[in-house]
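These notes are about the structure you will find just below.
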Amino acid sequence: MIKINNALLKEILSVYGPSGLENKVSDIIKRELEEYADEIYNDALGNLIVRKKGIGKKIMLAGHMDQIALMITFIDDKGFLRFTNVGGISPSTSLSQRVIFNNGVIGVVACEKLDSIKDLKLEKLFIDIGASTKEEAEEMITIGDMCVYYSEPIIDDKKVITPALDDRIGCYIMIEALKNMGKTENDLYFIFTVQEEVGLRGAKTAAYGIDPDYAYAFDVTGTGDTPKGHKMAVKLGAGPAIKIKDRSILCHPKIKNYMIEQAKENSIPYQLEILEFGGTDSGAIHVSKSGVPSGVLSIPSRYIHSTCEMACVSDILNSIELTIKLIENNIDADTSAYKFS
Ligand code: CO
Ligand code: ZN
């Protein structure tokens with residue numbers, strides 16, 4: 001039975017890695033997987049490619065290393081910083097939060113005086129790093145620098161709470177799957193992608209370069225289990241979610257059915273997911289070249305894109321178990337031509 005590697009999980013959830021600057025995340029994964037890989041390298045955009053060679057089907061796994069961020073656009077005379085979003089940053093979840101820059105500088109997000117909470121927009125927010133002049137701020141920060149939400153990850157027996165769950169948890173599941181898998185003939189490409197949060201950019205070029213027979217993405221998905229929450233048949237603690245559809249993909253029926261089959265055969269709990277908002281790496285992968293049949297294993301998560309993204313430990317462990325089964329085995333059927341069943 002696989003257990004959570006607390007030290008590694010905490011490290012990968014804490015490391016700084018906004019879209020376009022994923023190198024610190026990549027370095028940790030490289031260190032962890034070097035001895036398990038036949039090939040390990042970064043491509044031109046920064047995707048980390050970890051290959052476990054085989055003579056069988058070429059299968060791509062993708063999880064994104066980047067996290068949403070705030071990018072500094074302007075520094076005023078008093079040393080306050082204005083910013084724009086890199087990925088899905090909302091004003092209400094950003095207000096009063098701590099943020100951290102690549103060089104370790106920490107600030108807080110504050111707001112101009114508002115007449116109504118309805119006026120709360122990103123333009124009304126600023127970052128206070130404790131500088132009292134523009135010059136002082138400029139000694140710490142340059143235009144274009146990015147900061148991410150800063151909050152210590154919490155990991156207990158039941159749950160994980162952290163701002164970078166999306167999608168370091170997907171990376172973690174892929175790492176543990178590679179470490180714990182058995183022998184297979186499959187030619188496996190574990191791709192830790194860049195720039196998902198700004199439009200699935202790393203997955204797009206990686207899929208083109210690798211040209212896999214089929215693919216899986218690993219990412220968080222929303223739930224419908226909170227008070228007056230959006231109607232959605234996914235909840236925390238009920239197992240990994242097998243995606244049917246989101247805004248970026250209609251998952252290939254063969255891959256989806258194979259995922260369900262593997263879960264059933266191995267008595268791993270699972271749930272079916274339709275995400276009405278958002279997409280993930282498989283959205284770019286499945287339309288690469290002449291098409292790549294793709295599925296998605298989603299980790300049910302509450303409060304996505306906030307400082308307190310929450311997932312369930314049992315779902316994480318079951319996701320690792322299911323991933324191992326998916327990659328140790330292989331879809332019997334030919335996926336090169338589309339068949340509905
Ligand atoms: Co996201
Ligand atoms: Zn994500």
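By order in the structure tokens, chains are A, B, ...; within a chain, residues start at 1; ligands start at 1, following the order shown.
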Contacts of ligand 1, 7 Å or closer, only C-alpha atoms and all ligand atoms, given as a VMD selection string: chain A and resid 67 to 68 88 166 to 167 197 305
Keeping only N, CA, C and O atoms, write the selected residues to a file as an mmCIF file, in the first residue's frame.
```cif
data_model
loop_
_atom_site.group_PDB
_atom_site.id
_atom_site.type_symbol
_atom_site.label_atom_id
_atom_site.label_comp_id
_atom_site.auth_asym_id
_atom_site.auth_seq_id
_atom_site.Cartn_x
_atom_site.Cartn_y
_atom_site.Cartn_z
ATOM 1 N N GLN A 67 1.895 27.421 -11.677
ATOM 2 C CA GLN A 67 0.794 27.868 -10.833
ATOM 3 C C GLN A 67 0.420 29.292 -11.241
ATOM 4 O O GLN A 67 1.231 30.014 -11.833
ATOM 5 N N ILE A 68 -0.806 29.693 -10.913
ATOM 6 C CA ILE A 68 -1.266 31.049 -11.233
ATOM 7 C C ILE A 68 -0.433 32.078 -10.454
ATOM 8 O O ILE A 68 0.096 31.765 -9.390
ATOM 9 N N GLY A 88 -5.759 32.415 -13.892
ATOM 10 C CA GLY A 88 -7.044 32.770 -13.280
ATOM 11 C C GLY A 88 -6.971 33.302 -11.863
ATOM 12 O O GLY A 88 -7.276 32.615 -10.896
ATOM 13 N N ASP A 166 -3.181 22.915 -7.452
ATOM 14 C CA ASP A 166 -3.332 22.974 -8.915
ATOM 15 C C ASP A 166 -2.013 23.436 -9.508
ATOM 16 O O ASP A 166 -1.725 24.622 -9.456
ATOM 17 N N ASP A 167 -1.185 22.597 -10.053
ATOM 18 C CA ASP A 167 -1.407 21.189 -10.247
ATOM 19 C C ASP A 167 -0.203 20.387 -9.729
ATOM 20 O O ASP A 167 0.157 19.368 -10.291
ATOM 21 N N GLU A 197 -1.618 27.195 -17.160
ATOM 22 C CA GLU A 197 -2.582 28.180 -16.634
ATOM 23 C C GLU A 197 -2.808 29.358 -17.581
ATOM 24 O O GLU A 197 -3.740 30.127 -17.392
ATOM 25 N N HIS A 305 -7.893 27.657 -7.323
ATOM 26 C CA HIS A 305 -7.360 29.008 -7.595
ATOM 27 C C HIS A 305 -7.534 29.944 -6.395
ATOM 28 O O HIS A 305 -7.718 31.152 -6.571
#
```
Backbone DSSP call of strand (DSSP E) for stretch 27-226 of chain A, listed as a PyMOL selection string: chain A and resi 39-42+48-52+58-64+69-75+81-86+98-101+106-111+125-128+146-149+154-155+159-162+187-193+214-221
Expected file: the selected residues, C-alpha atoms, as a PDB file, in the first residue's frame:
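What follows is the written file out.pdb:
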```pdb
ATOM      1  CA  GLU A  39      15.939   9.796 -20.439  1.00  0.00           C
ATOM      2  CA  ILE A  40      15.312  13.027 -18.556  1.00  0.00           C
ATOM      3  CA  TYR A  41      15.610  16.522 -20.015  1.00  0.00           C
ATOM      4  CA  ASN A  42      13.935  19.895 -20.431  1.00  0.00           C
ATOM      5  CA  LEU A  48      10.410  18.292 -18.194  1.00  0.00           C
ATOM      6  CA  ILE A  49      10.399  15.088 -20.211  1.00  0.00           C
ATOM      7  CA  VAL A  50      10.948  11.868 -18.277  1.00  0.00           C
ATOM      8  CA  ARG A  51      11.007   8.771 -20.433  1.00  0.00           C
ATOM      9  CA  LYS A  52      10.763   5.172 -19.310  1.00  0.00           C
ATOM     10  CA  LYS A  58       3.899   5.239 -26.724  1.00  0.00           C
ATOM     11  CA  ILE A  59       1.877   6.724 -23.891  1.00  0.00           C
ATOM     12  CA  MET A  60       2.106  10.344 -22.736  1.00  0.00           C
ATOM     13  CA  LEU A  61       1.256  11.449 -19.211  1.00  0.00           C
ATOM     14  CA  ALA A  62       0.964  15.171 -18.534  1.00  0.00           C
ATOM     15  CA  GLY A  63       0.699  17.234 -15.357  1.00  0.00           C
ATOM     16  CA  HIS A  64       1.462  20.935 -15.197  1.00  0.00           C
ATOM     17  CA  ALA A  69       0.548  34.274 -10.406  1.00  0.00           C
ATOM     18  CA  LEU A  70       0.440  38.072 -10.133  1.00  0.00           C
ATOM     19  CA  MET A  71       2.812  40.046 -12.386  1.00  0.00           C
ATOM     20  CA  ILE A  72       4.028  43.513 -11.427  1.00  0.00           C
ATOM     21  CA  THR A  73       3.088  46.187 -13.988  1.00  0.00           C
ATOM     22  CA  PHE A  74       3.759  49.453 -12.153  1.00  0.00           C
ATOM     23  CA  ILE A  75       5.453  50.795  -9.021  1.00  0.00           C
ATOM     24  CA  LEU A  81       2.951  47.719  -6.636  1.00  0.00           C
ATOM     25  CA  ARG A  82       0.207  47.281  -9.228  1.00  0.00           C
ATOM     26  CA  PHE A  83      -0.169  43.967 -11.010  1.00  0.00           C
ATOM     27  CA  THR A  84      -1.892  41.981 -13.727  1.00  0.00           C
ATOM     28  CA  ASN A  85      -2.926  38.346 -13.625  1.00  0.00           C
ATOM     29  CA  VAL A  86      -1.003  35.387 -15.030  1.00  0.00           C
ATOM     30  CA  ARG A  98       0.272  37.108   1.378  1.00  0.00           C
ATOM     31  CA  VAL A  99       2.339  36.768  -1.795  1.00  0.00           C
ATOM     32  CA  ILE A 100       5.954  35.731  -2.345  1.00  0.00           C
ATOM     33  CA  PHE A 101       8.421  36.601  -5.123  1.00  0.00           C
ATOM     34  CA  ILE A 106       6.924  38.784   0.780  1.00  0.00           C
ATOM     35  CA  GLY A 107       4.067  41.245   0.460  1.00  0.00           C
ATOM     36  CA  VAL A 108       0.337  41.508   1.082  1.00  0.00           C
ATOM     37  CA  VAL A 109      -2.511  42.267  -1.314  1.00  0.00           C
ATOM     38  CA  ALA A 110      -4.577  45.260  -0.201  1.00  0.00           C
ATOM     39  CA  CYS A 111      -7.322  47.362  -1.747  1.00  0.00           C
ATOM     40  CA  LEU A 125      -5.820  46.056  -5.665  1.00  0.00           C
ATOM     41  CA  PHE A 126      -2.163  46.714  -4.937  1.00  0.00           C
ATOM     42  CA  ILE A 127       0.711  44.849  -3.300  1.00  0.00           C
ATOM     43  CA  ASP A 128       2.398  46.279  -0.233  1.00  0.00           C
ATOM     44  CA  MET A 146       5.837  37.539 -10.604  1.00  0.00           C
ATOM     45  CA  CYS A 147       4.597  36.579  -7.167  1.00  0.00           C
ATOM     46  CA  VAL A 148       2.414  33.663  -6.061  1.00  0.00           C
ATOM     47  CA  TYR A 149       0.102  33.163  -3.084  1.00  0.00           C
ATOM     48  CA  ILE A 154      -1.141  21.717   5.485  1.00  0.00           C
ATOM     49  CA  ILE A 155      -0.998  17.942   5.223  1.00  0.00           C
ATOM     50  CA  LYS A 159      -6.671  16.420   3.791  1.00  0.00           C
ATOM     51  CA  VAL A 160      -4.208  18.684   2.033  1.00  0.00           C
ATOM     52  CA  ILE A 161      -4.656  22.479   1.935  1.00  0.00           C
ATOM     53  CA  THR A 162      -2.351  24.632  -0.182  1.00  0.00           C
ATOM     54  CA  ASP A 187       7.031   3.358 -23.853  1.00  0.00           C
ATOM     55  CA  LEU A 188       6.137   5.920 -21.206  1.00  0.00           C
ATOM     56  CA  TYR A 189       6.646   9.673 -21.417  1.00  0.00           C
ATOM     57  CA  PHE A 190       5.975  11.481 -18.155  1.00  0.00           C
ATOM     58  CA  ILE A 191       5.709  15.132 -19.154  1.00  0.00           C
ATOM     59  CA  PHE A 192       5.731  17.808 -16.481  1.00  0.00           C
ATOM     60  CA  THR A 193       4.385  20.689 -18.501  1.00  0.00           C
ATOM     61  CA  TYR A 214      -2.563   8.017 -26.600  1.00  0.00           C
ATOM     62  CA  ALA A 215      -2.376  10.242 -23.534  1.00  0.00           C
ATOM     63  CA  TYR A 216      -3.557  11.002 -20.029  1.00  0.00           C
ATOM     64  CA  ALA A 217      -3.563  14.321 -18.203  1.00  0.00           C
ATOM     65  CA  PHE A 218      -3.542  14.699 -14.425  1.00  0.00           C
ATOM     66  CA  ASP A 219      -5.104  17.783 -12.902  1.00  0.00           C
ATOM     67  CA  VAL A 220      -7.508  19.054 -10.280  1.00  0.00           C
ATOM     68  CA  THR A 221     -11.241  19.372 -10.862  1.00  0.00           C
TER      69      THR A 221
END
```
Selection near A:Tyr172, 10 Å with only C-alpha atoms, sequence-local residues under 6 positions removed, as an MDAnalysis selection string: chainID A and resid 4:5 8:9 12:13 29 63 65 165 218 316 320
Contacts of A:Thr133 within 10 Å, only C-alpha atoms, excl. fewer than 4 positions in-chain, as a compact mmCIF listing (two decimals) with C-alpha atoms, in the first residue's frame:
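This is the output file selection21.txt:
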```txt
# COMPACT_ATOMS: atom_id res chain seq x y z
CA ILE A 75 5.45 50.79 -9.02
CA ASP A 76 4.09 54.08 -7.59
CA ASP A 77 5.97 56.87 -5.77
CA LYS A 78 5.12 55.44 -2.36
CA GLY A 79 6.45 51.99 -3.28
CA PHE A 80 3.09 50.25 -3.79
CA ALA A 137 10.66 49.05 -3.84
CA GLU A 138 12.83 48.94 -6.95
```
Helix (DSSP H, G or I) positions in stretch 78-272 of chain A, given as a PyMOL selection string: chain A and resi 91-94+117-119+122-124+134-140+165-180+201-210+253-265
Residue among A:Arg168, A:Lys118, A:Lys113, A:Lys325 lying closest to A:Thr184, counting only C-alpha atoms: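 So, comparing all the options, the nearest one is A:Lys325.
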Interatomic distance, atom CA of A:Ala241 to atom CA of A:Tyr270 (Å, one decimal):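 So the two atoms, atom CA of A:Ala241 and atom CA of A:Tyr270, lie 5.7 Å apart.
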